[in-house]
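> Structure in structure tokens, see below.
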Amino acid sequence: MSNKDFKQWFIENFQTFEKSLNGEKTESFHEIRKDALSKFSSLNIPTVKDEEWKYTNISPVIKHNFNIVPPKTDMAPEIIGKFLFDKLEHHLLVFVNGEFRKDLSRLNELPKDIEVGSLAVAIKNNHPALLKHFGKYAEDSNNLFTALNSAFTKDGAFILVPKGKIVEDPIHIIFLNIAGEEKFITQPRNLFIAEANSQVTIIEHYGSDKDGIYFNNSVTEIFVGENAVVDHIKLQEESLKSFHIGRMEVDQERNSAFSSHLISTGAEFSRNEFTTRFNGQGGESMLNGLFMIKDEQFFDAHTMIDHAMPNCNSHEHYKGILQDKARGVFNGKVMVRPDAQKTNAFQENNSILLSDDAVMNSKPQLEIFADDVKCSHGATVGKLDEEAKFYLKSRGIGEESATAMLIHAFASDVIKTIKIEPLREYLEEIITKRFNQ
Amino acid sequence: MLLEIKNLHARIDGNEILKGIDLQVNAGEVHAIMGPNGSGKSTLASVLAGREEYEVTQGEIWYNGKNLLELSPEDRAREGLFLAFQYPIEIPGVSNTNLLKTAVNEIRKYRGEEELDAMEFLELLKEKSKLVELDHKFLSRSVNEGFSGGEKKRNEIFQMAVLNPKLAILDETDSGLDIDALRIVANGVNKLRSKDNAIIVVTHYQRLLNYIVPDFVHVLYNGRIVKSGGKELALELEEKGYDWIKNDKSEVTV
């Protein structure tokens, strides 16, 4: 059976998707979907000739026809335990194969007015916040995969923290995909709104149980209101046969502080597009990332920090550890627009290749149109420091432990900026499992 | 005999640096190896520690009954050999405590001993850090990161104290130290001297040997030991410089 064209497949299956909505088809919201579908059909599939896809060949993803409606799965609830962090008080939202699972989720006592739950419910209730925020930051018009996500939006996490409210415990959202024989697509759509003077920490955690084939095409929109503080962590530990295209768009209002950590052990193919935009003065933004890939995995981090307003600070540090024949891409743009005087922007990308066959393409970009700014960027690609390794060995530490220690050390500048200790421990454990056998 | 070096030749990048070294060290002894810059002192220290860039082309090294050249750098350390580096490297992200804990436990495992638990290990660190007057705060800091020259050297001796080697090689541990730091380092080393271990002090200057008094002094020149004697040889070198050794040597060869 030959596969259908990637776009054609989705367009033809839109009706199947509509049927699966079972009356959740709120009229006004469905117009958004239909509009996105028409954008999807008019946009081209990106190729390596597009500057934004120069090092990223999409063909491994688009050669598949993924089932639009994921299979129901009867998974053992214990599987969730593998993705929890020890000793962390948190609110838990669980999605399995794209569907919100109230039975597996647990919301501890939340202050009144704070909404944490499923986007499907918000859509059903015609939640006014959707009108104001949905699709406003991650636009469909220039992004094929966002348009695809919007057209097929069914569920995802919805968080609304009203003015002045503080959510003390982190909100941990687990997106678990369990693929068997049939390959399918899930398209989580997340909307996180932190109104003025509010504070929240959100962990978006993508995992899978088996090594099945699926495609996760996620879109996350985050609004950080005036003087609000949002810490976001995206953790990706997925099937090595899966595909992941994730987009996160962040809108930062005046004096807001946002931090992002992307920690990933990748998929077969993954691309993460993160953009944060300063929409007011006095904003602070941190985009940090750490990825560890092996075998023939491909990982692309594509970021953009948009200094549209003056007096904002951004700090970006991405690190990669590549083994075997893995291939990594870092494409980080810092845009300083003409009005953005007194901008402070720091960007750095460091990668370590643990094999001669691993490849890293790093493309840091600074585009500065203002004259009174302080910006720096840099990139390094190299091997583990042999001198440091010899030093450790000369103290009686063996090859394997020495390598693992240096990898932990390399990763530490990214991990130490995460504020949640149990999460840092969880990440150290991932590194230990990978490099200390 | 703890260490026996026989006719050792070694080269790096095709250049022969060591051209036939013979040296015997017994437990309980302190040997000083002196010599002008470029004579091969640091090469000898590096070859003993197992630096891979150096190729041994001839000769043997026997250490505690074992063929040292067949041991990996980590196994040499586990067998009780320790090199205090001339230029200790900075390792951001690895704390001193973590390095020592891993090292101590890997060494104990190699020797078939129980690993130390957290409390025993902390006790050990506390006790040994006093030897070199190292502040406790150093322990949680990254290895040598942002340390002054003197602090780095003290840290080397501190590691030596914790690992308690049979044979310690101090590679120009005195260079760049002011007199106070030199005294602290030397005092630390002296407290570690015993009848069971040996120390090789590699140095350019006699000054350190006022504090760490050697049993034997060897002069290395052009890849060979050209003169050996007691501690008074160091004083003679201090007074006359190295030129007379060079001249002496040329007289012999002519």
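Residue numbering restarts at 1 for every chain of the structure tokens, chains are lettered A, B, ... in their displayed order, and ligands are numbered from 1 as they appear.
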Identify, on the basis of only C-alpha atoms, every residue whose closest approach to stretch 150-156 of chain A does not exceed 8 Å; exclude the query and any residue fewer than 3 positions from it along the same chain; express the result as a compact mmCIF listing (two decimals) with N, CA and C atoms, in the first residue's frame.


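The resulting file, around_29.txt, is reproduced below:
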```txt
# COMPACT_ATOMS: atom_id res chain seq x y z
N PHE A 14 -10.24 14.92 7.69
CA PHE A 14 -10.79 15.92 8.60
C PHE A 14 -12.19 15.52 9.07
N PHE A 17 -12.10 13.12 11.83
CA PHE A 17 -11.79 13.86 13.06
C PHE A 17 -13.04 14.53 13.60
N LEU A 21 -15.32 14.19 17.46
CA LEU A 21 -15.53 15.26 18.45
C LEU A 21 -16.79 15.05 19.28
N ILE A 32 -12.64 28.14 13.88
CA ILE A 32 -11.18 28.29 14.00
C ILE A 32 -10.49 27.09 13.36
N ARG A 33 -11.04 25.90 13.65
CA ARG A 33 -10.45 24.68 13.09
C ARG A 33 -10.52 24.69 11.57
N LYS A 34 -11.69 25.03 11.08
CA LYS A 34 -11.88 24.98 9.63
C LYS A 34 -10.99 26.01 8.92
N ASP A 35 -10.88 27.15 9.55
CA ASP A 35 -10.02 28.20 9.02
C ASP A 35 -8.55 27.73 8.98
N ALA A 36 -8.15 27.05 10.07
CA ALA A 36 -6.78 26.53 10.14
C ALA A 36 -6.54 25.47 9.07
N LEU A 37 -7.57 24.67 8.82
CA LEU A 37 -7.43 23.62 7.81
C LEU A 37 -7.19 24.24 6.43
N PHE A 40 -3.72 25.34 6.36
CA PHE A 40 -2.86 24.15 6.24
C PHE A 40 -2.78 23.71 4.78
N PHE A 95 -2.49 13.06 30.29
CA PHE A 95 -3.13 12.81 28.99
C PHE A 95 -2.54 11.52 28.44
N GLY A 98 -3.37 11.49 23.80
CA GLY A 98 -4.02 12.74 23.42
C GLY A 98 -5.26 13.08 24.22
N GLU A 99 -5.72 12.16 25.06
CA GLU A 99 -6.98 12.39 25.75
C GLU A 99 -6.77 12.65 27.23
N PHE A 100 -7.47 13.63 27.76
CA PHE A 100 -7.34 13.94 29.18
C PHE A 100 -7.89 12.79 30.01
N SER A 118 -8.56 20.58 31.38
CA SER A 118 -8.49 20.16 30.00
C SER A 118 -9.00 21.27 29.08
N LEU A 119 -8.31 21.44 27.97
CA LEU A 119 -8.72 22.47 27.00
C LEU A 119 -10.08 22.10 26.40
N ALA A 120 -10.33 20.80 26.24
CA ALA A 120 -11.60 20.36 25.66
C ALA A 120 -12.78 20.92 26.46
N GLY A 135 -4.60 30.98 19.74
CA GLY A 135 -4.13 31.26 18.38
C GLY A 135 -3.57 32.65 18.19
N ASP A 140 -1.27 30.54 12.83
CA ASP A 140 -1.33 29.45 11.86
C ASP A 140 -0.76 29.87 10.51
N THR A 146 1.65 24.21 12.90
CA THR A 146 0.72 24.88 13.82
C THR A 146 -0.68 24.87 13.22
N ALA A 147 -0.76 25.14 11.93
CA ALA A 147 -2.07 25.11 11.27
C ALA A 147 -2.68 23.72 11.39
N GLN A 187 -2.06 15.61 18.92
CA GLN A 187 -1.78 17.03 18.72
C GLN A 187 -2.19 17.83 19.93
N PRO A 188 -1.43 17.69 21.02
CA PRO A 188 -1.79 18.44 22.23
C PRO A 188 -1.76 19.94 21.94
N ARG A 189 -2.75 20.61 22.49
CA ARG A 189 -2.80 22.06 22.32
C ARG A 189 -2.92 22.66 23.72
N ASN A 190 -1.91 23.40 24.10
CA ASN A 190 -1.88 23.91 25.47
C ASN A 190 -1.99 25.42 25.49
N LEU A 191 -2.74 25.90 26.46
CA LEU A 191 -2.85 27.34 26.63
C LEU A 191 -2.66 27.66 28.11
```

> Pull out every residue of chain A that has at least one atom within 7 Å of chain B, counting only C-alpha atoms, and report them as an NGL selection string.

:A and (388 or 393-398 or 405 or 409-410 or 412)

> Could those selected residues go to a file with all heavy atoms, as an mmCIF file, in the first residue's frame?


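Saved as selection.cif:
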```
data_model
loop_
_atom_site.group_PDB
_atom_site.id
_atom_site.type_symbol
_atom_site.label_atom_id
_atom_site.label_comp_id
_atom_site.auth_asym_id
_atom_site.auth_seq_id
_atom_site.Cartn_x
_atom_site.Cartn_y
_atom_site.Cartn_z
ATOM 1 N N ALA A 388 41.022 17.043 31.530
ATOM 2 C CA ALA A 388 40.218 16.867 32.742
ATOM 3 C C ALA A 388 40.025 15.384 33.020
ATOM 4 O O ALA A 388 40.074 14.931 34.168
ATOM 5 C CB ALA A 388 38.873 17.558 32.580
ATOM 6 N N LYS A 393 41.340 10.401 36.132
ATOM 7 C CA LYS A 393 41.904 9.046 36.118
ATOM 8 C C LYS A 393 43.122 8.956 37.039
ATOM 9 O O LYS A 393 43.325 7.952 37.711
ATOM 10 C CB LYS A 393 42.326 8.670 34.702
ATOM 11 C CG LYS A 393 41.181 8.313 33.797
ATOM 12 C CD LYS A 393 41.760 7.943 32.446
ATOM 13 C CE LYS A 393 40.710 7.427 31.512
ATOM 14 N NZ LYS A 393 41.333 7.047 30.221
ATOM 15 N N SER A 394 43.915 10.023 37.044
ATOM 16 C CA SER A 394 45.125 10.000 37.864
ATOM 17 C C SER A 394 44.782 9.963 39.350
ATOM 18 O O SER A 394 45.655 9.783 40.185
ATOM 19 C CB SER A 394 45.987 11.226 37.560
ATOM 20 O OG SER A 394 45.440 12.355 38.204
ATOM 21 N N ARG A 395 43.502 10.135 39.664
ATOM 22 C CA ARG A 395 43.058 10.030 41.056
ATOM 23 C C ARG A 395 42.401 8.680 41.326
ATOM 24 O O ARG A 395 41.771 8.487 42.374
ATOM 25 C CB ARG A 395 42.086 11.170 41.394
ATOM 26 C CG ARG A 395 42.689 12.573 41.235
ATOM 27 C CD ARG A 395 43.978 12.706 42.024
ATOM 28 N NE ARG A 395 44.574 14.033 41.952
ATOM 29 C CZ ARG A 395 45.819 14.260 41.536
ATOM 30 N NH1 ARG A 395 46.583 13.253 41.112
ATOM 31 N NH2 ARG A 395 46.327 15.477 41.539
ATOM 32 N N GLY A 396 42.463 7.789 40.329
ATOM 33 C CA GLY A 396 41.942 6.440 40.546
ATOM 34 C C GLY A 396 40.536 6.230 39.998
ATOM 35 O O GLY A 396 39.923 5.190 40.218
ATOM 36 N N ILE A 397 40.016 7.244 39.288
ATOM 37 C CA ILE A 397 38.657 7.143 38.765
ATOM 38 C C ILE A 397 38.712 6.535 37.366
ATOM 39 O O ILE A 397 39.474 7.005 36.512
ATOM 40 C CB ILE A 397 38.000 8.541 38.746
ATOM 41 C CG1 ILE A 397 37.910 9.062 40.192
ATOM 42 C CG2 ILE A 397 36.632 8.502 38.090
ATOM 43 C CD1 ILE A 397 37.503 10.514 40.310
ATOM 44 N N GLY A 398 37.936 5.498 37.129
ATOM 45 C CA GLY A 398 37.993 4.767 35.859
ATOM 46 C C GLY A 398 37.393 5.538 34.697
ATOM 47 O O GLY A 398 36.692 6.537 34.885
ATOM 48 N N MET A 405 31.223 11.700 35.030
ATOM 49 C CA MET A 405 31.389 12.898 35.873
ATOM 50 C C MET A 405 31.489 14.149 35.017
ATOM 51 O O MET A 405 30.906 15.186 35.334
ATOM 52 C CB MET A 405 32.668 12.790 36.707
ATOM 53 C CG MET A 405 32.522 11.940 37.938
ATOM 54 S SD MET A 405 34.116 11.808 38.785
ATOM 55 C CE MET A 405 33.880 13.049 40.039
ATOM 56 N N ALA A 409 28.969 17.268 34.793
ATOM 57 C CA ALA A 409 29.500 18.623 34.980
ATOM 58 C C ALA A 409 29.097 19.517 33.814
ATOM 59 O O ALA A 409 28.693 20.661 34.005
ATOM 60 C CB ALA A 409 31.017 18.573 35.099
ATOM 61 N N PHE A 410 29.170 18.975 32.620
ATOM 62 C CA PHE A 410 28.803 19.733 31.425
ATOM 63 C C PHE A 410 27.330 20.140 31.485
ATOM 64 O O PHE A 410 26.964 21.273 31.178
ATOM 65 C CB PHE A 410 29.071 18.863 30.184
ATOM 66 C CG PHE A 410 28.660 19.480 28.881
ATOM 67 C CD1 PHE A 410 29.429 20.472 28.294
ATOM 68 C CD2 PHE A 410 27.508 19.056 28.224
ATOM 69 C CE1 PHE A 410 29.049 21.037 27.085
ATOM 70 C CE2 PHE A 410 27.128 19.618 27.024
ATOM 71 C CZ PHE A 410 27.905 20.616 26.443
ATOM 72 N N SER A 412 25.591 20.479 34.100
ATOM 73 C CA SER A 412 25.187 21.120 35.347
ATOM 74 C C SER A 412 24.797 22.588 35.199
ATOM 75 O O SER A 412 23.894 23.039 35.870
ATOM 76 C CB SER A 412 26.265 20.957 36.422
ATOM 77 O OG SER A 412 27.408 21.707 36.073
#
```

> Can you tell me which residues surround stretch 349-358 of chain A at a distance of at most 7 Å, considering only C-alpha atoms, apart from same-chain residues fewer than 5 positions away, and format the answer as a list in words?

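Once the nearby chain positions are removed, what remains is His317, Tyr318, Lys319, Gly320, Ile321, Leu322, Gln323, Asp324, Lys325, Ala326, Arg327, Gly378, Ala379, Thr380, Val381, Gly382, Lys383 and Leu384 of chain A.
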
> Would you mind exporting the chosen residues as an mmCIF file, in the first residue's frame, restricted to C-alpha atoms?


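Now in again-v2.cif:
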```cif
data_model
loop_
_atom_site.group_PDB
_atom_site.id
_atom_site.type_symbol
_atom_site.label_atom_id
_atom_site.label_comp_id
_atom_site.auth_asym_id
_atom_site.auth_seq_id
_atom_site.Cartn_x
_atom_site.Cartn_y
_atom_site.Cartn_z
ATOM 1 C CA HIS A 317 22.077 28.608 26.956
ATOM 2 C CA TYR A 318 21.618 25.351 25.059
ATOM 3 C CA LYS A 319 23.808 22.333 25.499
ATOM 4 C CA GLY A 320 23.898 19.088 23.580
ATOM 5 C CA ILE A 321 25.502 15.703 24.192
ATOM 6 C CA LEU A 322 25.608 13.543 21.083
ATOM 7 C CA GLN A 323 26.581 9.898 20.830
ATOM 8 C CA ASP A 324 26.813 7.392 17.975
ATOM 9 C CA LYS A 325 25.459 8.762 14.699
ATOM 10 C CA ALA A 326 23.112 11.291 16.275
ATOM 11 C CA ARG A 327 22.561 14.606 14.583
ATOM 12 C CA GLY A 378 28.831 32.041 20.881
ATOM 13 C CA ALA A 379 28.924 28.400 19.987
ATOM 14 C CA THR A 380 31.325 25.575 20.625
ATOM 15 C CA VAL A 381 31.330 22.003 19.404
ATOM 16 C CA GLY A 382 33.937 19.669 20.818
ATOM 17 C CA LYS A 383 34.846 16.517 22.634
ATOM 18 C CA LEU A 384 35.109 15.875 26.339
#
```

> Hey, what's within 6 Å of stretch 214-230 of chain B if we count only C-alpha atoms and toss same-chain stuff fewer than 3 positions away? As a compact mmCIF listing (two decimals) with C-alpha atoms, in the first residue's frame, please?


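Saved as result_13.txt:
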```
# COMPACT_ATOMS: atom_id res chain seq x y z
CA ILE B 17 63.08 13.72 25.94
CA LEU B 18 64.19 10.97 28.30
CA LYS B 19 67.37 9.28 27.17
CA GLY B 20 68.08 6.53 29.64
CA ILE B 21 66.96 7.20 33.21
CA VAL B 30 62.34 11.27 49.80
CA HIS B 31 64.06 11.89 46.48
CA ALA B 32 64.46 15.26 44.86
CA ILE B 33 64.85 15.51 41.12
CA MET B 34 66.31 18.83 40.09
CA GLY B 35 67.44 20.22 36.82
CA SER B 39 65.79 18.73 31.13
CA GLY B 40 62.90 16.23 31.23
CA LEU B 233 73.90 18.57 46.45
```

> Tell me, as a VMD selection string, which residues lie within 7 Å of A:Leu92, counting only C-alpha atoms; anything in the same chain fewer than 3 positions away does not count.

chain A and resid 105 to 107 171 to 173

> Counting only C-alpha atoms, which of B:Gln86, B:Asn155, B:Asn247, B:Asn144 gets nearest to B:Asp174?

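With only C-alpha atoms as the atom set, the closest residue is B:Gln86.
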
> Expressed in Å to a single decimal, how great is the separation between atom CA of B:Leu209 and atom CA of B:Val189?

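We find that atom CA of B:Leu209 and atom CA of B:Val189 lie 11.6 Å from each other.
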
> Using DSSP on the backbone, list every residue of stretch 157-192 of chain B that comes out as alpha helix (DSSP H), and give them as a ChimeraX atom specification.

/B:157-163,179-192

> How would the residues just picked look written out with C-alpha atoms as a compact mmCIF listing (two decimals), in the first residue's frame?


```
# COMPACT_ATOMS: atom_id res chain seq x y z
CA ILE B 157 48.39 18.09 48.61
CA PHE B 158 44.96 17.81 50.21
CA GLN B 159 44.00 15.19 47.61
CA MET B 160 47.27 13.42 48.33
CA ALA B 161 46.42 13.39 52.03
CA VAL B 162 42.99 11.90 51.39
CA LEU B 163 44.20 9.26 48.94
CA ILE B 179 56.74 31.68 51.24
CA ASP B 180 53.63 31.28 53.41
CA ALA B 181 51.93 29.00 50.91
CA LEU B 182 55.18 27.10 50.46
CA ARG B 183 55.38 26.46 54.20
CA ILE B 184 51.80 25.25 54.37
CA VAL B 185 52.30 22.89 51.45
CA ALA B 186 55.62 21.61 52.79
CA ASN B 187 54.19 21.09 56.27
CA GLY B 188 51.35 19.11 54.80
CA VAL B 189 53.75 16.91 52.87
CA ASN B 190 55.98 16.38 55.91
CA LYS B 191 53.05 15.22 57.99
CA LEU B 192 52.34 12.62 55.33
```

> Mind pulling up the distance from atom CA of A:His205 to atom CA of A:Phe175?

6.0 Å
